[in-house]
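J.: This is the structure I want to talk about, given as structure tokens.
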Amino acid sequence: MLKDKNIAVITSHFLEGRGLLSLLVENFEGTGATLFASPSELSENESNSYDLFFVSTDLFILHYDYFLPRKNKAIVFGHTLSSDLQHASQPFLNTNASESDVTEQICSLLDASVHQENSDGLTARETEVLTLVAQGLLNKEIADQLGISLHTVISHRKNIASKLGIKTVSGFTMYAAMNGLISLS
């Protein structure tokens with residue numbers, strides 16, 4: 001399930017982060033996990049190379065614009081679900097539990113995130129491409145940022161257009177804004 005996955009654990013709480021990092025490495029063989037104190041530290045280390053982000057509740061709320069385009073790859077963790085996140089559909093890991101319960105929660109959350117597609121049938125990669133198009137990036141810039149070929153970006157755009165019935169960049173932008181993938185502010 002997590003074999004060969006690269007995970008970023010992002011929290012300003014060092015001990016909590018080290019504990020989650022240790023739990024991931026010990027219980028999910030083949031998983032690579034790295035601890036970061038903030039999203040800005042992560043940006044310097046190529047955030048696109050990570051398959052999943054475990055981010056503390058406080059940093060997710062504080063840096064919401066950073067996580068918005070990565071929302072489908074983020075799992076928020078903490079002791080309690082913040083009132084700011086209660087109505088969001090963001091996956092939540094309650095760290096105020098025993099080791100076996102936290103491990104079980106991680107398994108459930110990862111199963112859901114690995115098989116997750118949004119309601120319009122877009123894959124996680126198509127959602128990433130859609131978000132970058134909506135942010136105004138050109139096909140070549142998207143290819144470079146995601147580490148994929150230009151042909152692959154064009155194929156993703158065709159698939160997105162087919163699935164959504166939207167053919168224009170402005171249409172992609174409106175869809176992304178209305179579905180919380182980008183912020184227009």
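Ordered as shown in the structure tokens, chains take letters A, B, and onward, while each chain numbers its residues from 1 and ligands are numbered from 1 in the order shown.
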According to DSSP computed on the backbone, where in region 36-142 of chain A is there strand (DSSP E or B)? Give the residues as a VMD selection string.
T.: chain A and resid 36 52 to 56 74 to 78 92 to 94
J.: Neighbouring residues of Thr131 (chain A) were defined as those with any atom within 12 Å, considering only C-alpha atoms; residues of the same chain fewer than 3 positions away were excluded. Please report them as JSON, numbers by chain.
T.: {"A": [67, 68, 69, 70, 71, 72, 122, 124, 125, 126, 127, 128, 134, 135, 136, 137, 138, 142, 146, 156, 157, 160, 169, 170, 171, 172, 173, 174, 175, 176, 177, 178, 179, 180, 181, 182, 183]}
J.: Find the residues of region 59-79 of chain A that sit at most 10 Å from region 93-106 of chain A; for each, write down the nearest two atoms and how far apart they are in Å, to one decimal. Count only C-alpha atoms. Sort by chain, then by number going up, and give it as CSV.
T.:
```
residue,atom,partner,partner_atom,distance
A:Ile75,CA,A:Leu93,CA,7.0
A:Val76,CA,A:Leu93,CA,6.1
A:Phe77,CA,A:Leu93,CA,4.5
A:Gly78,CA,A:Thr95,CA,5.4
A:His79,CA,A:Asn96,CA,4.9
```
J.: Can you spit out the residues from that selection as a compact mmCIF listing (two decimals), in the first residue's frame, using C-alpha atoms?
T.:
```
# COMPACT_ATOMS: atom_id res chain seq x y z
CA ILE A 75 -3.65 14.24 5.72
CA VAL A 76 -4.10 16.59 8.68
CA PHE A 77 -3.11 15.33 12.13
CA GLY A 78 -3.51 16.53 15.69
CA HIS A 79 -5.13 15.89 19.04
```
J.: Provide the CA of Ala74 (chain A) to CA of Glu29 (chain A) distance in Å, to one decimal place.
T.: 20.3 Å
J.: From a DSSP calculation on the backbone, collect every residue of chain A in helix (DSSP H, G or I) and output the set as a VMD selection string.
T.: chain A and resid 14 to 27 39 to 43 47 to 49 57 to 62 64 to 73 99 to 114 124 to 134 139 to 146 150 to 164 169 to 178
J.: What is the CA of Phe36 (chain A) to CA of Ser108 (chain A) distance in Å?
T.: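 Answer for the CA of Phe36 (chain A) to CA of Ser108 (chain A) separation: 23.6 Å.
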J.: To one decimal in Å, tell me the separation between CA of Leu109 (chain A) and CA of Leu23 (chain A).
T.: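 Between CA of Leu109 (chain A) and CA of Leu23 (chain A) the gap is 14.5 Å.
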J.: Determine, counting only C-alpha atoms, which protein, DNA and RNA residues have an atom within 10 Å of an atom of Ile7 (chain A); residues of the same chain fewer than 2 positions away are not included. Present the result as a CSV table (one decimal) with N, CA and C atoms, in the first residue's frame.
T.:
```csv
chain,number,residue,atom,x,y,z
A,2,LEU,N,1.9,1.3,0.9
A,2,LEU,CA,2.7,2.5,0.9
A,2,LEU,C,4.1,2.2,0.4
A,4,ASP,N,7.3,2.1,-1.5
A,4,ASP,CA,8.0,3.1,-2.4
A,4,ASP,C,7.3,4.5,-2.4
A,5,LYS,N,6.5,4.8,-1.4
A,5,LYS,CA,5.9,6.1,-1.3
A,5,LYS,C,6.8,7.0,-0.5
A,9,VAL,N,6.3,14.7,6.5
A,9,VAL,CA,5.6,15.0,7.8
A,9,VAL,C,6.0,16.5,8.1
A,10,ILE,N,5.0,17.3,8.2
A,10,ILE,CA,5.2,18.7,8.4
A,10,ILE,C,4.5,19.2,9.7
A,21,LEU,N,6.9,10.1,12.3
A,21,LEU,CA,7.9,9.7,11.3
A,21,LEU,C,8.4,8.2,11.7
A,24,LEU,N,5.6,5.7,10.9
A,24,LEU,CA,5.5,5.4,9.5
A,24,LEU,C,6.6,4.5,9.0
A,25,VAL,N,7.8,4.7,9.4
A,25,VAL,CA,9.0,4.0,8.9
A,25,VAL,C,8.9,2.5,9.5
A,31,THR,N,8.6,2.6,3.0
A,31,THR,CA,8.1,4.0,3.0
A,31,THR,C,9.3,4.9,3.3
A,32,GLY,N,9.4,6.0,2.5
A,32,GLY,CA,10.4,7.0,2.8
A,32,GLY,C,9.7,8.2,3.4
A,33,ALA,N,10.1,8.7,4.6
A,33,ALA,CA,9.5,9.8,5.3
A,33,ALA,C,10.5,10.8,5.7
A,34,THR,N,10.2,12.1,5.6
A,34,THR,CA,11.1,13.1,6.0
A,34,THR,C,10.3,14.1,6.8
A,35,LEU,N,10.9,14.7,7.8
A,35,LEU,CA,10.3,15.6,8.7
A,35,LEU,C,10.7,17.0,8.4
A,47,SER,N,8.7,20.0,-3.1
A,47,SER,CA,7.4,19.4,-2.6
A,47,SER,C,6.8,18.5,-3.6
A,49,SER,N,8.1,16.1,-5.1
A,49,SER,CA,8.6,14.8,-5.1
A,49,SER,C,8.0,13.9,-4.0
A,50,TYR,N,7.0,14.5,-3.3
A,50,TYR,CA,6.3,13.7,-2.2
A,50,TYR,C,4.9,13.3,-2.7
A,51,ASP,N,4.6,12.0,-2.3
A,51,ASP,CA,3.4,11.4,-2.7
A,51,ASP,C,2.2,11.8,-1.7
A,52,LEU,N,2.6,12.0,-0.4
A,52,LEU,CA,1.6,12.3,0.6
A,52,LEU,C,2.3,13.3,1.6
A,53,PHE,N,1.4,14.1,2.2
A,53,PHE,CA,1.8,15.1,3.2
A,53,PHE,C,1.0,14.9,4.5
A,54,PHE,N,1.7,14.6,5.6
A,54,PHE,CA,1.1,14.5,6.9
A,54,PHE,C,1.4,15.9,7.5
A,73,LYS,N,-3.5,15.3,-1.5
A,73,LYS,CA,-2.4,14.5,-1.1
A,73,LYS,C,-2.1,14.8,0.4
A,74,ALA,N,-2.9,15.6,1.1
A,74,ALA,CA,-2.7,16.0,2.5
A,74,ALA,C,-3.5,15.2,3.5
```
